[in-house]
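Asker: Supplied in structure tokens, the structure appears directly below.
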Amino acid sequence: MSVGQPDERATASSHHRDLHREPPDVLQRYYRQMLTIRRFEERTGEMYTRANIGGYCHLNLGEEATIVGVMEALRPEDYIFTNYREHGYILARGVDPGPVMAELFGKETGVSRGRGGSMHLFSAEHHFLGGYGIVGGEIPLAVGAAFALKYQGRAGIVLCQMGDGTTNIGAWHESLNLARLYRLPIVFLIINNGFGMSTTVEKGSAEPDLFKKGCAYRIHGERVDGRDVLATRNAMQRLRERAETEGEPSILEAVSYRFRGHSVVDPAKYRNEEEVQRERADDPLQRFAHLLQEVHIVEPGWFAQVEEEVDQEIQAAVDFATTSPDPKIDDLFTYMYATPVANAAGRR
Ligand SMILES: Cc1ncc(C[n+]2csc(CCOP(=O)(O)OP(=O)(O)O)c2C)c(N)n1
């Protein structure tokens with residue numbers, strides 16, 4: 001498996017000296033956001049096994065540094081499209097954990113009014129345009145949004161997130177072609193967490209260096225250590241700038257490891273325990289905590305305090321979701337489509 005051992009020449013990662021250049025409050029914010037995603041996902045897994053959440057549910061455990069890194073590089077005018085493994089992205093975009101958890105519970109107070117669930121989180125106000133359950137489904141839509149930005153002469157770019165397995169889907173290749181032909185302001189973010197369900201990158205892709213897969217379309221690609229929040233943010237900032245000012249679409253491959261199974265119900269029997277333990281030992285959150293401690297950016301007791309605050313925040317989200325009302329049966333088809341659909345209620 002090449003995950004965790006990305007091509008050194010192509011992989012950027014940060015060091016102690018990089019930390020000294022950053023304001024301490026910024027670094028503390030990054031840690032807090034990563035911890036929020038970690039705790040949110042752990043509680044989500046628990047809520048699923050308690051049958052408070054139904055349907056499909058995929059967690060971002062192990063991908064927290066990538067998420068915070070890329071989202072911190074974006075601006076409010078940018079738009080985000082993701083696959084179904086998106087809880088962390090919408091939290092990092094600034095949406096409260098309460099309405100996100102309520103959506104997973106299928107409640108009326110959820111970000112998609114409980115009609116979407118885990119795979120279809122959405123907030124137009126935050127320019128967060130989903131959450132898609134069809135592998136690769138988000139990609140042509142993201143390219144369309146990038147086209148609209150350019151056509152309307154608006155500022156901003158589109159971030160199009162996907163998994164490693166998605167790079168074998170035809171729609172991605174068609175989208176890359178159009179993105180470069182029209183010189184659209186878009187960054188394609190590949191989360192290389194090692195697996196598309198149970199299939200390794202090497203078994204699924206003839207070119208396992210995924211960041212190179214845009215070469216047929218003359219699209220620049222880079223690989224970054226996705227467990228390194230600063231390296232990921234820096235790479236994303238550069239590529240964002242290129243997309244906006246030069247109309248150069250690009251690919252960013254962030255390498256990490258999926259700490260749990262594909263979805264919450266997958267026992268992941270296809271991986272051996274030794275590999276899982278080895279990869280978990282390089283936990284992005286712990287790695288960042290050690291760096292912060294080594295460069296004396298936080299006071300003793302700070303981690304425990306943040307831990308407590310985040311736990312309380314996520315508990316409040318769970319309480320909000322638990323006490324929120326279900327959608328009314330008569331309303332179940334409301335908000336499903338932008339325009340009226342004939343006999344929608346009759347299909348109940
Ligand atoms: C078009 C389509 N084919 C198959 C599936 C079933 N499926 C769901 S997730 C998945 C694997 C995708 O893996 P990857 O792109 O690496 O994303 P990750 O789950 O690692 O985030 C597959 C095959 C689907 N949802 N849509």
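Chain identifiers are assigned as A, B, and so on, following the order in which chains appear in the structure tokens; residues are numbered from 1 within each chain, and ligands are numbered from 1 in order of appearance.
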Could you give me, as a PyMOL selection string, the residues within 10 Å of segment 100-107 of chain A, counting only C-alpha atoms and dropping anything in the same chain fewer than 3 positions from it?

Answerer: chain A and resi 40-41+43-44+47-48+51-57+87-88+90-91+95-97+110-122+314+316-328

Asker: From a DSSP calculation on the backbone, collect every residue of segment 74-211 of chain A in strand (DSSP E) and output the set as a list in words.

Answerer: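 Checking each residue of segment 74-211 of chain A, the strand (DSSP E) ones are Tyr79, Ile80, Phe81, Thr82, Asn83, Phe128, Leu129, Gly130, Gly131, Tyr132, Val158, Leu159, Cys160, Gln161, Met162, Gly163, Ile186, Val187, Phe188, Leu189, Ile190, Ile191, Asn192, Phe195, Gly196, Thr199 and Thr200 of chain A.
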
Asker: Print the selection's residues with C-alpha atoms to a file, as a short mmCIF file (atom, residue, chain, number, x, y, z; two decimals), in the first residue's frame.

Answerer:
data_model
loop_
_atom_site.label_atom_id
_atom_site.label_comp_id
_atom_site.auth_asym_id
_atom_site.auth_seq_id
_atom_site.Cartn_x
_atom_site.Cartn_y
_atom_site.Cartn_z
CA TYR A 79 -18.47 27.36 -3.58
CA ILE A 80 -18.04 23.81 -2.33
CA PHE A 81 -19.27 20.53 -3.80
CA THR A 82 -18.45 17.22 -2.10
CA ASN A 83 -19.22 13.54 -2.11
CA PHE A 128 -22.07 24.70 0.48
CA LEU A 129 -23.85 23.00 -2.40
CA GLY A 130 -23.78 19.36 -1.24
CA GLY A 131 -23.36 16.38 -0.38
CA TYR A 132 -23.90 13.86 -3.31
CA VAL A 158 -15.24 26.17 -6.84
CA LEU A 159 -13.78 23.43 -4.67
CA CYS A 160 -14.82 20.03 -5.96
CA GLN A 161 -14.04 17.26 -3.46
CA MET A 162 -14.06 13.55 -4.30
CA GLY A 163 -12.56 10.24 -3.20
CA ILE A 186 -11.97 25.17 -10.02
CA VAL A 187 -9.77 22.98 -7.84
CA PHE A 188 -10.44 19.23 -7.89
CA LEU A 189 -9.60 17.87 -4.47
CA ILE A 190 -8.93 14.13 -4.34
CA ILE A 191 -9.09 12.62 -0.88
CA ASN A 192 -6.76 9.67 -1.19
CA PHE A 195 -9.74 2.85 -0.53
CA GLY A 196 -12.83 3.07 -2.68
CA THR A 199 -10.69 -1.59 -3.36
CA THR A 200 -7.21 -0.14 -2.89
#

Asker: Residues contacting ligand 1 - anything with an atom at most 8 Å away, using only C-alpha atoms and all ligand atoms - can you give me those as a PyMOL selection string?

Answerer: chain A and resi 58+83-85+133-137+162-167+169+191-197+201+258+262-263

Asker: Which residues are near His296 of chain A? Cut-off 12 Å, only C-alpha atoms, ignore same chain within fewer than 5 positions. Put them as an MDAnalysis selection string.

Answerer: chainID A and resid 16 19:20 24 27:28 289:291 302

Asker: Separation of atom CA of Leu149 of chain A and atom CA of Gln237 of chain A, in Å?

Answerer: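 Answer for the atom CA of Leu149 of chain A to atom CA of Gln237 of chain A separation: 18.5 Å.
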
Asker: Got a sec: who's within 10 Å of Arg242 of chain A, counting only C-alpha atoms, leaving out chain neighbours fewer than 5 positions off, as a PyMOL selection string?

Answerer: chain A and resi 157+185-187+236-237+247-250

Asker: Could you save the residues just selected, with N, CA and C atoms, as a short mmCIF file (atom, residue, chain, number, x, y, z; two decimals), in the first residue's frame?

Answerer:
data_model
loop_
_atom_site.label_atom_id
_atom_site.label_comp_id
_atom_site.auth_asym_id
_atom_site.auth_seq_id
_atom_site.Cartn_x
_atom_site.Cartn_y
_atom_site.Cartn_z
N ILE A 157 -13.92 30.82 -6.49
CA ILE A 157 -13.63 29.57 -7.21
C ILE A 157 -14.58 28.49 -6.69
N PRO A 185 -12.41 28.43 -13.00
CA PRO A 185 -11.82 28.59 -11.67
C PRO A 185 -12.25 27.46 -10.73
N ILE A 186 -11.57 26.34 -10.82
CA ILE A 186 -11.97 25.17 -10.02
C ILE A 186 -10.74 24.41 -9.55
N VAL A 187 -10.81 23.89 -8.33
CA VAL A 187 -9.77 22.98 -7.84
C VAL A 187 -10.46 21.65 -7.54
N MET A 236 -3.51 24.47 -0.98
CA MET A 236 -4.84 24.88 -1.45
C MET A 236 -4.87 26.38 -1.74
N GLN A 237 -4.19 27.16 -0.90
CA GLN A 237 -4.15 28.61 -1.13
C GLN A 237 -3.52 28.93 -2.49
N GLY A 247 -7.23 31.55 -14.21
CA GLY A 247 -8.16 30.63 -14.87
C GLY A 247 -7.53 29.27 -15.11
N GLU A 248 -6.69 28.83 -14.16
CA GLU A 248 -6.02 27.53 -14.29
C GLU A 248 -6.64 26.52 -13.33
N PRO A 249 -7.44 25.61 -13.84
CA PRO A 249 -7.95 24.57 -12.95
C PRO A 249 -6.81 23.65 -12.53
N SER A 250 -6.94 22.99 -11.40
CA SER A 250 -5.88 22.09 -10.95
C SER A 250 -6.44 20.97 -10.09
#

Asker: When DSSP is applied to the backbone of this structure, which of segment 25-185 of chain A are assigned alpha helix (DSSP H)? Write them out as a PyMOL selection string.

Answerer: chain A and resi 25-49+64-73+87-92+97-104+138-151+170-181

Asker: Could you check which of A:Asn60, A:Thr245, A:Asn234, A:Thr109 is closest to Glu22 of chain A, using only C-alpha atoms?

Answerer: A:Asn234

Asker: Which residue out of A:Arg17, A:Asn177, A:Val143, A:Glu313 has the minimum interatomic distance to Glu294 of chain A when only C-alpha atoms are used?

Answerer: A:Arg17

Asker: Hey, what's within 9 Å of Ala235 of chain A if we count only C-alpha atoms and toss same-chain stuff fewer than 5 positions away? As a PyMOL selection string, please?

Answerer: chain A and resi 12+69-70+73+222-224+230+240+252

Asker: Just to be explicit: take each residue in the selection above, keep N, CA and C atoms, and write the result as a compact mmCIF listing (two decimals), in the first residue's frame.

Answerer:
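Contents of the output file out-v1.txt:
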# COMPACT_ATOMS: atom_id res chain seq x y z
N ALA A 12 4.36 17.81 -0.12
CA ALA A 12 4.80 18.91 0.75
C ALA A 12 4.36 18.60 2.17
N GLY A 69 -7.51 22.14 6.60
CA GLY A 69 -6.53 22.80 5.72
C GLY A 69 -7.17 23.39 4.47
N VAL A 70 -7.95 22.60 3.76
CA VAL A 70 -8.52 23.12 2.51
C VAL A 70 -9.59 24.18 2.79
N ALA A 73 -8.36 27.64 3.46
CA ALA A 73 -7.79 28.35 2.31
C ALA A 73 -8.87 29.02 1.46
N GLU A 222 -0.96 18.33 -7.87
CA GLU A 222 0.01 18.26 -6.77
C GLU A 222 -0.47 17.26 -5.75
N ARG A 223 0.50 16.70 -5.01
CA ARG A 223 0.13 15.80 -3.91
C ARG A 223 0.62 16.42 -2.61
N VAL A 224 -0.22 16.32 -1.60
CA VAL A 224 0.16 16.88 -0.31
C VAL A 224 -0.12 15.86 0.79
N LEU A 230 -1.20 22.45 7.87
CA LEU A 230 -0.59 23.65 7.29
C LEU A 230 -0.16 23.42 5.84
N ARG A 240 -5.82 27.78 -5.30
CA ARG A 240 -7.00 28.65 -5.35
C ARG A 240 -6.67 29.93 -6.12
N LEU A 252 -5.62 18.72 -6.55
CA LEU A 252 -4.85 18.55 -5.32
C LEU A 252 -5.20 17.18 -4.75

Asker: Can you tell me which residues surround Arg180 of chain A at a distance of at most 7 Å, considering only C-alpha atoms, apart from same-chain residues fewer than 2 positions away, and format the answer as an MDAnalysis selection string?

Answerer: chainID A and resid 176:178 182:184 217 219 249

Asker: Just the number, please: distance in Å from atom CA of Thr232 of chain A to atom CA of Tyr257 of chain A, one decimal.

Answerer: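 Spanning atom CA of Thr232 of chain A to atom CA of Tyr257 of chain A is a straight-line distance of 14.9 Å.
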
Asker: Suppose you want the space between atom CA of Arg21 of chain A and atom CA of Ile297 of chain A; what is it in Å?

Answerer: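 Computing the Euclidean distance for atom CA of Arg21 of chain A and atom CA of Ile297 of chain A yields 11.7 Å.
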